[in-house]
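Asks: Input: one structure, supplied below.
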Amino acid sequence: MSRTHRLDLDDQTLREWDAMVLAAGPDGIVLDRSAFYPGGGGQPPDHGVLLWGGVQTRIVDARKSPDDMYLVPLDGDPLPVVGTTVRGAVEDERRTSLMRTHSGLHVLCGVVFRDFGALVTGGNMEPLTARMDFNLEAVPPGFKEAVEDACNAELRLDRQIVVRTLPRAEAFEIPDIIRTATNLVPEDVKDVRIVDIVGLDQQADGGTHVASTSQVGRISVVKIENKGKGFRRIRLAVGS
Ligand SMILES: [Zn+2]
C-alpha cells in the first residue's frame, strides 16, 4: 500500500498542490500527496517541479514500487529532506496533451471494436501521438478513412467521459469491460477503475482522461501497418 495519496486519481484537472516529503534518496522522492501520474497503461509519467525553500527540484520521471511511488528528480537538482513542505506542480502542457491522446485512443478502441470487432493487443503514447495494435484479420478497403471519420464523428458528439471505481465482481459484469485481448487486471486488485466514454466504450483503466470527447480535438489516422497475421498497428496523431 503506497504512502502517497493519489490526487491525480481524485481530480484529473489538478496541477498544483501542497505536500510533505516522506522520503528522499537515490530511488527518488516520496510525497504524502501527489498529482504526478506515475505512468502505466501506456501513458507515460508526468513531468513537473517541486518548489521548496526558495529552490526547485525538477521531476523528470516517476516509478512505482510495490509499496511506494517515487518521483525522480533531474540529476543535480537539490533533494528536499524528510519533513519538508513542498509545492508540487505538474507540467500542464504535457499532461493535458497526454490526457487528450489517452482519451483519443479509447475512442479509437471503441470505434474499431464496434465497427470491426477487433480487440486491442498493445499500445503506446507520447503527447499528441500514439500507436495501438489490434487483432484484425484483414483490413477492408477504405479502412483508414472509415476509422478516422468514425473517430472524429465521436469526438464531435462530445460524449461525456466518466471515471468511476467499482468492486471487482461488479466491474466484470459489464460486458466487454476488458477491451484488450487479455485480462490485464491483476487477481489481487479489489476495486477496478472504469473509464466510460458514455455510449461508446468502457474499459478498466488507470490513466488520466479529459472530461468529454470534444476536448480531444481531432484525430488523424497517420498509418495502418501490417505487422503479421491478424496484427495491425494503427498510428494516430491528435490535433485541434
Ligand atoms: Zn487507457
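Labeling convention for the C-alpha cells: chains A, B, ... as they appear, residues from 1 per chain, ligands from 1 in order of appearance.
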Excluding stretch 30-43 of chain A and any residue of its chain fewer than 3 positions from it, enumerate the residues within 8 Å of it, using only C-alpha atoms, and give them as a CSV table (one decimal) with all heavy atoms, in the first residue's frame.
Replies:
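This is the output file result-v9.csv:
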```csv
chain,number,residue,atom,x,y,z
A,3,ARG,N,2.2,5.0,0.4
A,3,ARG,CA,2.0,6.1,1.4
A,3,ARG,C,1.5,7.3,0.7
A,3,ARG,O,1.2,8.3,1.4
A,3,ARG,CB,3.3,6.3,2.1
A,3,ARG,CG,3.7,5.3,3.1
A,3,ARG,CD,5.0,5.6,3.8
A,3,ARG,NE,6.2,5.5,2.9
A,3,ARG,CZ,7.4,5.9,3.3
A,3,ARG,NH1,7.6,6.5,4.4
A,3,ARG,NH2,8.4,5.7,2.5
A,4,THR,N,1.6,7.4,-0.6
A,4,THR,CA,1.2,8.6,-1.3
A,4,THR,C,-0.2,8.6,-1.7
A,4,THR,O,-0.7,7.7,-2.4
A,4,THR,CB,2.1,8.7,-2.6
A,4,THR,OG1,3.5,8.6,-2.3
A,4,THR,CG2,1.8,10.1,-3.3
A,5,HIS,N,-1.0,9.6,-1.3
A,5,HIS,CA,-2.4,9.7,-1.7
A,5,HIS,C,-2.4,10.3,-3.2
A,5,HIS,O,-1.7,11.3,-3.4
A,5,HIS,CB,-3.2,10.7,-0.8
A,5,HIS,CG,-4.6,10.8,-1.2
A,5,HIS,ND1,-5.5,9.8,-0.9
A,5,HIS,CD2,-5.2,11.8,-1.9
A,5,HIS,CE1,-6.7,10.2,-1.5
A,5,HIS,NE2,-6.5,11.4,-2.1
A,6,ARG,N,-3.1,9.6,-4.1
A,6,ARG,CA,-3.0,9.9,-5.5
A,6,ARG,C,-4.1,11.0,-5.8
A,6,ARG,O,-5.2,10.7,-6.2
A,6,ARG,CB,-3.3,8.7,-6.3
A,6,ARG,CG,-2.2,7.6,-6.3
A,6,ARG,CD,-1.1,7.9,-7.2
A,6,ARG,NE,-1.5,8.0,-8.6
A,6,ARG,CZ,-1.7,7.0,-9.4
A,6,ARG,NH1,-1.4,5.8,-9.0
A,6,ARG,NH2,-2.1,7.2,-10.7
A,7,LEU,N,-3.7,12.2,-5.7
A,7,LEU,CA,-4.6,13.4,-6.1
A,7,LEU,C,-5.0,13.3,-7.5
A,7,LEU,O,-6.0,13.8,-7.9
A,7,LEU,CB,-3.9,14.7,-5.7
A,7,LEU,CG,-3.5,14.9,-4.3
A,7,LEU,CD1,-2.6,16.1,-4.1
A,7,LEU,CD2,-4.8,15.1,-3.4
A,8,ASP,N,-4.1,12.8,-8.4
A,8,ASP,CA,-4.4,12.7,-9.8
A,8,ASP,C,-5.6,11.8,-10.1
A,8,ASP,O,-6.3,12.0,-11.1
A,8,ASP,CB,-3.2,12.2,-10.6
A,8,ASP,CG,-2.6,10.9,-10.1
A,8,ASP,OD1,-2.5,10.8,-8.9
A,8,ASP,OD2,-2.3,10.1,-10.9
A,9,LEU,N,-5.8,10.8,-9.2
A,9,LEU,CA,-7.0,10.0,-9.4
A,9,LEU,C,-8.3,10.6,-8.9
A,9,LEU,O,-9.4,10.4,-9.4
A,9,LEU,CB,-6.8,8.6,-8.8
A,9,LEU,CG,-5.6,7.8,-9.3
A,9,LEU,CD1,-5.5,6.5,-8.6
A,9,LEU,CD2,-5.7,7.6,-10.8
A,14,LEU,N,-6.3,18.7,-11.6
A,14,LEU,CA,-5.4,19.3,-10.6
A,14,LEU,C,-4.0,19.4,-11.1
A,14,LEU,O,-3.4,18.4,-11.6
A,14,LEU,CB,-5.4,18.5,-9.3
A,14,LEU,CG,-4.6,19.1,-8.2
A,14,LEU,CD1,-5.4,20.4,-7.6
A,14,LEU,CD2,-4.4,18.1,-7.1
A,15,ARG,N,-3.4,20.6,-11.0
A,15,ARG,CA,-2.0,20.8,-11.5
A,15,ARG,C,-1.0,21.3,-10.4
A,15,ARG,O,0.2,21.2,-10.5
A,15,ARG,CB,-1.9,21.8,-12.7
A,15,ARG,CG,-2.7,21.3,-13.9
A,15,ARG,CD,-2.0,20.1,-14.6
A,15,ARG,NE,-2.7,19.7,-15.8
A,15,ARG,CZ,-3.7,18.8,-15.8
A,15,ARG,NH1,-4.0,18.1,-14.7
A,15,ARG,NH2,-4.3,18.5,-17.0
A,16,GLU,N,-1.6,21.9,-9.3
A,16,GLU,CA,-0.7,22.4,-8.2
A,16,GLU,C,-1.3,22.0,-6.9
A,16,GLU,O,-2.5,22.0,-6.7
A,16,GLU,CB,-0.6,23.9,-8.3
A,16,GLU,CG,0.2,24.4,-9.4
A,16,GLU,CD,0.3,26.0,-9.4
A,16,GLU,OE1,0.6,26.5,-8.3
A,16,GLU,OE2,0.1,26.6,-10.4
A,17,TRP,N,-0.4,21.7,-5.9
A,17,TRP,CA,-0.9,21.3,-4.6
A,17,TRP,C,0.3,21.4,-3.6
A,17,TRP,O,1.4,21.6,-4.0
A,17,TRP,CB,-1.4,19.9,-4.6
A,17,TRP,CG,-0.3,18.9,-4.8
A,17,TRP,CD1,0.3,18.1,-3.9
A,17,TRP,CD2,0.3,18.6,-6.1
A,17,TRP,NE1,1.3,17.3,-4.5
A,17,TRP,CE2,1.3,17.6,-5.8
A,17,TRP,CE3,0.2,19.0,-7.4
A,17,TRP,CZ2,2.2,17.1,-6.8
A,17,TRP,CZ3,1.0,18.5,-8.4
A,17,TRP,CH2,2.0,17.5,-8.1
A,18,ASP,N,0.0,21.3,-2.3
A,18,ASP,CA,1.0,21.3,-1.2
A,18,ASP,C,1.1,19.9,-0.7
A,18,ASP,O,0.2,19.1,-0.7
A,18,ASP,CB,0.6,22.2,-0.1
A,18,ASP,CG,0.6,23.7,-0.5
A,18,ASP,OD1,1.6,24.1,-1.1
A,18,ASP,OD2,-0.4,24.4,-0.2
A,19,ALA,N,2.4,19.5,-0.3
A,19,ALA,CA,2.6,18.2,0.1
A,19,ALA,C,3.8,18.2,1.1
A,19,ALA,O,4.5,19.2,1.2
A,19,ALA,CB,2.9,17.3,-1.1
A,20,MET,N,4.0,17.0,1.8
A,20,MET,CA,5.1,16.9,2.6
A,20,MET,C,6.0,15.7,2.2
A,20,MET,O,5.5,14.7,1.7
A,20,MET,CB,4.7,16.6,4.1
A,20,MET,CG,5.8,16.9,5.1
A,20,MET,SD,5.2,16.8,6.8
A,20,MET,CE,5.0,15.0,6.9
A,21,VAL,N,7.3,15.9,2.3
A,21,VAL,CA,8.3,14.8,1.9
A,21,VAL,C,8.3,13.7,2.9
A,21,VAL,O,8.6,14.0,4.1
A,21,VAL,CB,9.7,15.5,1.7
A,21,VAL,CG1,10.7,14.4,1.3
A,21,VAL,CG2,9.6,16.5,0.6
A,22,LEU,N,8.0,12.5,2.5
A,22,LEU,CA,8.1,11.3,3.4
A,22,LEU,C,9.4,10.6,3.3
A,22,LEU,O,9.8,9.9,4.3
A,22,LEU,CB,6.9,10.4,3.1
A,22,LEU,CG,5.5,10.9,3.3
A,22,LEU,CD1,4.5,9.9,3.0
A,22,LEU,CD2,5.3,11.5,4.7
A,23,ALA,N,10.0,10.7,2.2
A,23,ALA,CA,11.3,10.0,1.9
A,23,ALA,C,12.0,10.7,0.8
A,23,ALA,O,11.4,11.2,-0.1
A,23,ALA,CB,11.2,8.5,1.6
A,24,ALA,N,13.4,10.7,0.8
A,24,ALA,CA,14.1,11.3,-0.3
A,24,ALA,C,15.5,10.6,-0.3
A,24,ALA,O,16.2,10.6,0.7
A,24,ALA,CB,14.3,12.8,-0.1
A,46,ASP,N,4.1,11.9,-15.7
A,46,ASP,CA,4.2,13.4,-15.8
A,46,ASP,C,5.6,13.9,-15.5
A,46,ASP,O,6.4,13.3,-14.8
A,46,ASP,CB,3.2,14.0,-14.8
A,46,ASP,CG,1.8,13.8,-15.1
A,46,ASP,OD1,1.5,13.7,-16.3
A,46,ASP,OD2,0.9,13.7,-14.2
A,47,HIS,N,5.8,15.1,-16.0
A,47,HIS,CA,7.0,15.9,-15.6
A,47,HIS,C,6.4,17.1,-14.8
A,47,HIS,O,5.3,17.4,-14.9
A,47,HIS,CB,7.7,16.4,-16.9
A,47,HIS,CG,8.3,15.4,-17.7
A,47,HIS,ND1,8.8,15.6,-18.9
A,47,HIS,CD2,8.5,14.0,-17.4
A,47,HIS,CE1,9.3,14.5,-19.4
A,47,HIS,NE2,9.1,13.5,-18.5
A,48,GLY,N,7.3,17.7,-14.0
A,48,GLY,CA,6.9,18.8,-13.2
A,48,GLY,C,8.0,19.3,-12.3
A,48,GLY,O,9.2,19.1,-12.6
A,61,ASP,N,10.7,12.0,-14.0
A,61,ASP,CA,10.2,10.6,-14.2
A,61,ASP,C,9.5,10.2,-12.9
A,61,ASP,O,9.6,10.9,-11.9
A,61,ASP,CB,11.4,9.6,-14.5
A,61,ASP,CG,11.0,8.3,-15.0
A,61,ASP,OD1,9.8,8.1,-15.3
A,61,ASP,OD2,11.9,7.5,-15.2
A,62,ALA,N,8.8,9.1,-12.9
A,62,ALA,CA,8.2,8.5,-11.7
A,62,ALA,C,8.3,7.0,-11.7
A,62,ALA,O,8.3,6.5,-12.8
A,62,ALA,CB,6.8,9.0,-11.5
A,63,ARG,N,8.4,6.4,-10.6
A,63,ARG,CA,8.5,5.0,-10.5
A,63,ARG,C,7.6,4.4,-9.4
A,63,ARG,O,7.5,5.0,-8.3
A,63,ARG,CB,9.9,4.5,-10.2
A,63,ARG,CG,10.7,4.3,-11.4
A,63,ARG,CD,12.1,3.8,-11.1
A,63,ARG,NE,13.1,4.5,-11.9
A,63,ARG,CZ,14.2,5.2,-11.5
A,63,ARG,NH1,14.4,5.2,-10.2
A,63,ARG,NH2,15.0,5.8,-12.4
A,64,LYS,N,6.9,3.3,-9.7
A,64,LYS,CA,6.1,2.7,-8.7
A,64,LYS,C,6.8,1.4,-8.2
A,64,LYS,O,7.2,0.6,-9.0
A,64,LYS,CB,4.7,2.3,-9.3
A,64,LYS,CG,3.7,3.4,-9.3
A,64,LYS,CD,2.3,3.0,-9.8
A,64,LYS,CE,2.4,2.6,-11.3
A,64,LYS,NZ,1.1,2.4,-11.9
A,68,ASP,N,5.6,1.9,-2.7
A,68,ASP,CA,5.7,3.4,-2.8
A,68,ASP,C,5.8,3.9,-4.2
A,68,ASP,O,6.0,3.2,-5.1
A,68,ASP,CB,6.9,3.9,-2.0
A,68,ASP,CG,6.4,4.4,-0.6
A,68,ASP,OD1,5.3,5.0,-0.5
A,68,ASP,OD2,7.2,4.2,0.4
A,69,MET,N,5.5,5.2,-4.3
A,69,MET,CA,5.6,5.9,-5.6
A,69,MET,C,6.7,6.9,-5.5
A,69,MET,O,6.7,7.8,-4.6
A,69,MET,CB,4.3,6.6,-5.9
A,69,MET,CG,4.3,7.2,-7.3
A,69,MET,SD,2.7,8.0,-7.6
A,69,MET,CE,3.2,9.7,-7.6
A,70,TYR,N,7.8,6.8,-6.3
A,70,TYR,CA,9.0,7.6,-6.2
A,70,TYR,C,8.9,8.6,-7.4
A,70,TYR,O,8.8,8.2,-8.6
A,70,TYR,CB,10.2,6.8,-6.3
A,70,TYR,CG,10.4,5.9,-5.1
A,70,TYR,CD1,10.0,4.6,-5.2
A,70,TYR,CD2,11.0,6.4,-4.0
A,70,TYR,CE1,10.1,3.7,-4.0
A,70,TYR,CE2,11.2,5.5,-2.9
A,70,TYR,CZ,10.7,4.2,-2.9
A,70,TYR,OH,10.9,3.4,-1.8
A,71,LEU,N,9.1,9.9,-7.1
A,71,LEU,CA,9.3,10.9,-8.1
A,71,LEU,C,10.8,11.1,-8.3
A,71,LEU,O,11.6,11.2,-7.4
A,71,LEU,CB,8.7,12.3,-7.6
A,71,LEU,CG,7.2,12.2,-7.2
A,71,LEU,CD1,6.8,13.5,-6.7
A,71,LEU,CD2,6.4,11.7,-8.3
A,88,GLY,N,4.0,21.3,-5.1
A,88,GLY,CA,4.1,20.5,-6.3
A,88,GLY,C,3.4,21.1,-7.5
A,88,GLY,O,2.3,21.6,-7.3
A,89,ALA,N,4.0,20.9,-8.7
A,89,ALA,CA,3.2,21.4,-9.9
A,89,ALA,C,3.5,20.4,-11.0
A,89,ALA,O,4.7,20.0,-11.3
A,89,ALA,CB,3.7,22.8,-10.3
A,90,VAL,N,2.5,20.0,-11.7
A,90,VAL,CA,2.6,19.1,-12.8
A,90,VAL,C,2.6,20.0,-14.1
A,90,VAL,O,1.9,20.9,-14.2
A,90,VAL,CB,1.4,18.1,-12.9
A,90,VAL,CG1,1.3,17.5,-14.3
A,90,VAL,CG2,1.6,17.0,-11.8
A,98,LEU,N,-1.3,14.5,-23.0
A,98,LEU,CA,-1.4,13.1,-22.7
A,98,LEU,C,-2.8,12.6,-22.4
A,98,LEU,O,-3.3,11.6,-22.9
A,98,LEU,CB,-0.4,12.6,-21.6
A,98,LEU,CG,1.0,12.6,-22.0
A,98,LEU,CD1,1.9,12.5,-20.8
A,98,LEU,CD2,1.3,11.5,-23.0
A,102,HIS,N,-4.7,10.0,-24.6
A,102,HIS,CA,-5.2,8.8,-24.0
A,102,HIS,C,-6.7,8.6,-24.3
A,102,HIS,O,-7.2,7.5,-24.7
A,102,HIS,CB,-4.9,8.8,-22.5
A,102,HIS,CG,-5.0,7.4,-21.9
A,102,HIS,ND1,-4.4,7.2,-20.7
A,102,HIS,CD2,-5.6,6.3,-22.3
A,102,HIS,CE1,-4.6,5.9,-20.4
A,102,HIS,NE2,-5.4,5.3,-21.3
A,123,GLY,N,-0.3,-1.1,-27.1
A,123,GLY,CA,-0.3,0.3,-27.5
A,123,GLY,C,0.7,1.1,-26.8
A,123,GLY,O,1.4,0.7,-25.8
A,124,ASN,N,0.9,2.4,-27.2
A,124,ASN,CA,1.9,3.2,-26.6
A,124,ASN,C,1.5,4.7,-27.0
A,124,ASN,O,1.0,4.9,-28.1
A,124,ASN,CB,3.3,2.9,-27.1
A,124,ASN,CG,4.3,3.6,-26.3
A,124,ASN,OD1,4.3,3.6,-25.1
A,124,ASN,ND2,5.3,4.3,-26.9
A,125,MET,N,1.8,5.6,-26.1
A,125,MET,CA,1.5,7.0,-26.4
A,125,MET,C,2.6,7.9,-25.9
A,125,MET,O,3.3,7.7,-25.0
A,125,MET,CB,0.1,7.4,-25.9
A,125,MET,CG,0.1,7.7,-24.4
A,125,MET,SD,-1.6,7.8,-23.7
A,125,MET,CE,-2.0,6.1,-23.4
A,126,GLU,N,2.7,9.0,-26.7
A,126,GLU,CA,3.5,10.2,-26.3
A,126,GLU,C,2.6,11.3,-26.5
A,126,GLU,O,1.5,11.2,-27.1
A,126,GLU,CB,4.8,10.3,-27.2
A,126,GLU,CG,5.8,9.3,-27.0
A,126,GLU,CD,6.4,9.2,-25.6
A,126,GLU,OE1,6.5,10.3,-25.0
A,126,GLU,OE2,6.7,8.2,-25.1
A,205,ASP,N,-9.2,0.9,-16.5
A,205,ASP,CA,-8.1,1.8,-16.9
A,205,ASP,C,-7.6,2.7,-15.7
A,205,ASP,O,-8.4,3.2,-15.0
A,205,ASP,CB,-8.6,2.7,-18.0
A,205,ASP,CG,-7.4,3.5,-18.7
A,205,ASP,OD1,-6.7,2.9,-19.5
A,205,ASP,OD2,-7.2,4.6,-18.3
A,206,GLY,N,-6.3,2.8,-15.6
A,206,GLY,CA,-5.8,3.7,-14.5
A,206,GLY,C,-5.3,5.0,-15.0
A,206,GLY,O,-4.7,5.7,-14.2
A,207,GLY,N,-5.5,5.4,-16.2
A,207,GLY,CA,-4.9,6.6,-16.8
A,207,GLY,C,-5.7,7.9,-16.5
A,207,GLY,O,-6.8,7.8,-15.8
A,208,THR,N,-5.2,9.0,-17.0
A,208,THR,CA,-5.9,10.3,-16.9
A,208,THR,C,-6.6,10.6,-18.2
A,208,THR,O,-6.0,10.4,-19.3
A,208,THR,CB,-5.0,11.4,-16.4
A,208,THR,OG1,-3.9,11.5,-17.4
A,208,THR,CG2,-4.3,11.1,-15.1
```
Asks: Let me make sure I understand: among A:Val195, A:Ala153, A:Gln215, A:Gly76, which one has the smallest atom-to-atom distance to ligand 1 if we use only C-alpha atoms and all ligand atoms?
Replies: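 Checking each candidate against ligand 1, we get A:Val195 as the closest.
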Asks: If you count only C-alpha atoms, which residues fall within 10 Å of A:Pro26, apart from same-chain ones fewer than 3 positions away, as a PyMOL selection string?
Replies: chain A and resi 29+70+72-73+79
Asks: Pick out the closest residue to ligand 1 from this set: A:Ala237, A:Ala118, A:Ala169, A:Ile161. Count only C-alpha atoms and all ligand atoms.
Replies: A:Ile161
Asks: Between atom CA of A:Asn135 and atom CA of A:His209, what is the distance in Å, rounded to a tenth?
Replies: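 Distance between the two atoms: 24.6 Å.
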Asks: When you look at stretch 218-235 of chain A with a cut-off of 10 Å (counting only C-alpha atoms), what residues show up, excluding the ones that are within fewer than 4 positions of it in the same chain? I need them as a ChimeraX atom specification.
Replies: /A:100-101,104-105,107-108,118,120-125,128-139,143-153,155-156,213-214,239-240
Asks: Kindly export the residues of the current selection with C-alpha atoms, as a compact mmCIF listing (two decimals), in the first residue's frame.
Replies:
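File produced: again_14.txt:
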```
# COMPACT_ATOMS: atom_id res chain seq x y z
CA ARG A 100 -6.26 14.17 -24.88
CA THR A 101 -4.15 11.44 -26.51
CA GLY A 104 -8.46 9.66 -28.17
CA LEU A 105 -7.03 6.13 -28.02
CA VAL A 107 -12.31 6.46 -28.78
CA LEU A 108 -10.23 4.56 -31.37
CA ALA A 118 -11.22 -6.13 -33.23
CA VAL A 120 -6.57 -4.29 -28.59
CA THR A 121 -3.32 -6.21 -28.14
CA GLY A 122 -0.98 -3.36 -27.27
CA GLY A 123 -0.33 0.33 -27.48
CA ASN A 124 1.87 3.25 -26.62
CA MET A 125 1.51 7.01 -26.44
CA LEU A 128 -0.34 14.00 -29.22
CA THR A 129 0.99 10.89 -30.97
CA ALA A 130 0.23 7.22 -30.38
CA ARG A 131 0.01 3.74 -31.78
CA MET A 132 -2.44 0.99 -31.00
CA ASP A 133 -2.31 -2.67 -32.04
CA PHE A 134 -5.40 -4.72 -32.91
CA ASN A 135 -6.06 -8.38 -33.68
CA LEU A 136 -7.69 -7.67 -37.00
CA GLU A 137 -7.51 -10.43 -39.61
CA ALA A 138 -7.97 -8.31 -42.73
CA VAL A 139 -8.02 -4.60 -43.48
CA PHE A 143 -10.39 1.17 -43.51
CA LYS A 144 -8.05 4.08 -42.69
CA GLU A 145 -10.55 6.74 -43.80
CA ALA A 146 -13.51 4.92 -42.21
CA VAL A 147 -11.75 4.70 -38.83
CA GLU A 148 -10.65 8.34 -38.94
CA ASP A 149 -14.12 9.58 -39.92
CA ALA A 150 -15.85 7.47 -37.27
CA CYS A 151 -13.43 8.64 -34.55
CA ASN A 152 -13.93 12.30 -35.44
CA ALA A 153 -17.70 11.84 -35.53
CA LEU A 155 -15.33 13.50 -30.91
CA ARG A 156 -17.87 15.93 -32.40
CA THR A 213 -14.62 13.71 -26.29
CA SER A 214 -14.67 17.19 -27.85
CA GLY A 239 -4.56 17.85 -33.24
CA SER A 240 -7.03 20.67 -32.90
```
Asks: Residues of stretch 3-229 of chain A in strand (DSSP E) according to DSSP, as an MDAnalysis selection string?
Replies: chainID A and resid 5:6 16:25 28:31 33:34 48:52 55:64 69:73 85:90 120:126 129:134 161:167 191:197 201:204 218:226
Asks: Just how far from atom CA of A:Ala171 is atom CA of A:Asp115, in Å to one decimal?
Replies: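 So the answer is 23.8 Å.
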Asks: Let me make sure I understand: among A:Val163, A:Ala204, A:Leu50, A:Ile197, which one has the smallest atom-to-atom distance to ligand 1 if we use only C-alpha atoms and all ligand atoms?
Replies: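 Nearest candidate to ligand 1 out of A:Val163, A:Ala204, A:Leu50, A:Ile197: A:Ala204.
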Asks: DSSP on the backbone: which residues in stretch 1-134 of chain A end up as alpha helix (DSSP H)? Give the answer as a ChimeraX atom specification.
Replies: /A:7-10,92-116
Asks: Go ahead and write the residues just picked, N, CA and C atoms, as an mmCIF file, in the first residue's frame.
Replies:
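So the final result, stored in again_2.cif, reads:
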```cif
data_model
loop_
_atom_site.group_PDB
_atom_site.id
_atom_site.type_symbol
_atom_site.label_atom_id
_atom_site.label_comp_id
_atom_site.auth_asym_id
_atom_site.auth_seq_id
_atom_site.Cartn_x
_atom_site.Cartn_y
_atom_site.Cartn_z
ATOM 1 N N LEU A 7 -3.651 12.247 -5.740
ATOM 2 C CA LEU A 7 -4.554 13.358 -6.069
ATOM 3 C C LEU A 7 -4.953 13.339 -7.545
ATOM 4 N N ASP A 8 -4.084 12.779 -8.397
ATOM 5 C CA ASP A 8 -4.388 12.730 -9.838
ATOM 6 C C ASP A 8 -5.591 11.837 -10.119
ATOM 7 N N LEU A 9 -5.822 10.847 -9.245
ATOM 8 C CA LEU A 9 -6.990 9.980 -9.438
ATOM 9 C C LEU A 9 -8.261 10.648 -8.910
ATOM 10 N N ASP A 10 -8.121 11.529 -7.905
ATOM 11 C CA ASP A 10 -9.284 12.262 -7.371
ATOM 12 C C ASP A 10 -9.751 13.330 -8.362
ATOM 13 N N ASP A 92 1.631 21.344 -17.182
ATOM 14 C CA ASP A 92 0.267 21.253 -17.738
ATOM 15 C C ASP A 92 0.236 20.842 -19.203
ATOM 16 N N GLU A 93 1.135 21.406 -20.014
ATOM 17 C CA GLU A 93 1.027 21.155 -21.453
ATOM 18 C C GLU A 93 1.220 19.678 -21.773
ATOM 19 N N ARG A 94 2.233 19.077 -21.127
ATOM 20 C CA ARG A 94 2.499 17.658 -21.362
ATOM 21 C C ARG A 94 1.324 16.803 -20.879
ATOM 22 N N ARG A 95 0.867 17.055 -19.625
ATOM 23 C CA ARG A 95 -0.197 16.219 -19.058
ATOM 24 C C ARG A 95 -1.493 16.360 -19.851
ATOM 25 N N THR A 96 -1.862 17.610 -20.179
ATOM 26 C CA THR A 96 -3.123 17.804 -20.900
ATOM 27 C C THR A 96 -3.049 17.147 -22.278
ATOM 28 N N SER A 97 -1.884 17.239 -22.923
ATOM 29 C CA SER A 97 -1.708 16.563 -24.216
ATOM 30 C C SER A 97 -1.839 15.050 -24.054
ATOM 31 N N LEU A 98 -1.287 14.512 -22.983
ATOM 32 C CA LEU A 98 -1.383 13.061 -22.749
ATOM 33 C C LEU A 98 -2.820 12.643 -22.441
ATOM 34 N N MET A 99 -3.560 13.489 -21.708
ATOM 35 C CA MET A 99 -4.975 13.178 -21.429
ATOM 36 C C MET A 99 -5.785 13.142 -22.723
ATOM 37 N N ARG A 100 -5.547 14.132 -23.590
ATOM 38 C CA ARG A 100 -6.260 14.166 -24.879
ATOM 39 C C ARG A 100 -5.901 12.939 -25.713
ATOM 40 N N THR A 101 -4.611 12.586 -25.723
ATOM 41 C CA THR A 101 -4.152 11.440 -26.507
ATOM 42 C C THR A 101 -4.737 10.146 -25.954
ATOM 43 N N HIS A 102 -4.720 10.005 -24.619
ATOM 44 C CA HIS A 102 -5.225 8.774 -23.999
ATOM 45 C C HIS A 102 -6.726 8.608 -24.273
ATOM 46 N N SER A 103 -7.480 9.682 -24.104
ATOM 47 C CA SER A 103 -8.923 9.604 -24.377
ATOM 48 C C SER A 103 -9.162 9.320 -25.862
ATOM 49 N N GLY A 104 -8.337 9.914 -26.733
ATOM 50 C CA GLY A 104 -8.455 9.663 -28.168
ATOM 51 C C GLY A 104 -8.228 8.194 -28.502
ATOM 52 N N LEU A 105 -7.282 7.556 -27.799
ATOM 53 C CA LEU A 105 -7.025 6.131 -28.018
ATOM 54 C C LEU A 105 -8.225 5.283 -27.596
ATOM 55 N N HIS A 106 -8.894 5.684 -26.505
ATOM 56 C CA HIS A 106 -10.089 4.936 -26.092
ATOM 57 C C HIS A 106 -11.216 5.092 -27.114
ATOM 58 N N VAL A 107 -11.325 6.274 -27.705
ATOM 59 C CA VAL A 107 -12.310 6.464 -28.783
ATOM 60 C C VAL A 107 -11.962 5.528 -29.946
ATOM 61 N N LEU A 108 -10.674 5.467 -30.302
ATOM 62 C CA LEU A 108 -10.233 4.563 -31.374
ATOM 63 C C LEU A 108 -10.583 3.108 -31.044
ATOM 64 N N CYS A 109 -10.288 2.684 -29.807
ATOM 65 C CA CYS A 109 -10.629 1.312 -29.372
ATOM 66 C C CYS A 109 -12.117 1.047 -29.524
ATOM 67 N N GLY A 110 -12.924 2.011 -29.078
ATOM 68 C CA GLY A 110 -14.373 1.857 -29.121
ATOM 69 C C GLY A 110 -14.873 1.726 -30.550
ATOM 70 N N VAL A 111 -14.336 2.552 -31.429
ATOM 71 C CA VAL A 111 -14.761 2.558 -32.836
ATOM 72 C C VAL A 111 -14.333 1.259 -33.529
ATOM 73 N N VAL A 112 -13.077 0.849 -33.328
ATOM 74 C CA VAL A 112 -12.575 -0.338 -34.020
ATOM 75 C C VAL A 112 -13.279 -1.605 -33.515
ATOM 76 N N PHE A 113 -13.631 -1.615 -32.219
ATOM 77 C CA PHE A 113 -14.380 -2.762 -31.693
ATOM 78 C C PHE A 113 -15.813 -2.768 -32.235
ATOM 79 N N ARG A 114 -16.464 -1.608 -32.185
ATOM 80 C CA ARG A 114 -17.865 -1.515 -32.617
ATOM 81 C C ARG A 114 -18.025 -1.806 -34.110
ATOM 82 N N ASP A 115 -17.149 -1.225 -34.926
ATOM 83 C CA ASP A 115 -17.330 -1.290 -36.383
ATOM 84 C C ASP A 115 -16.607 -2.480 -37.030
ATOM 85 N N PHE A 116 -15.554 -3.009 -36.358
ATOM 86 C CA PHE A 116 -14.759 -4.075 -36.987
ATOM 87 C C PHE A 116 -14.536 -5.274 -36.067
#
```
Asks: When you draw a straight line from atom CA of A:Leu166 to atom CA of A:Arg193, how long is it in Å?
Replies: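 Going from atom CA of A:Leu166 over to atom CA of A:Arg193, I get 6.4 Å.
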Asks: For each of A:Leu236, A:Ile59, A:Val162, A:Ile194, take the minimum atom-to-atom distance to ligand 1, counting only C-alpha atoms and all ligand atoms, then give the residue where this is smallest.
Replies: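 Distance minimum relative to ligand 1 lands on A:Ile194.
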Asks: Rank nothing, just name the residue among A:Val81, A:Ile177, A:Leu200, A:Val86 nearest to A:Glu154, using only C-alpha atoms.
Replies: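 Distance minimum relative to A:Glu154 lands on A:Leu200.
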Asks: For A:Trp52, list every protein, DNA or RNA residue within 7 Å, evaluated using only C-alpha atoms, and leave out those in the same chain fewer than 4 positions away; present the list as a list of chain:residue names.
Replies: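 Near A:Trp52, the qualifying residues are A:Gln56, A:Thr85, A:Val86, A:Arg87.
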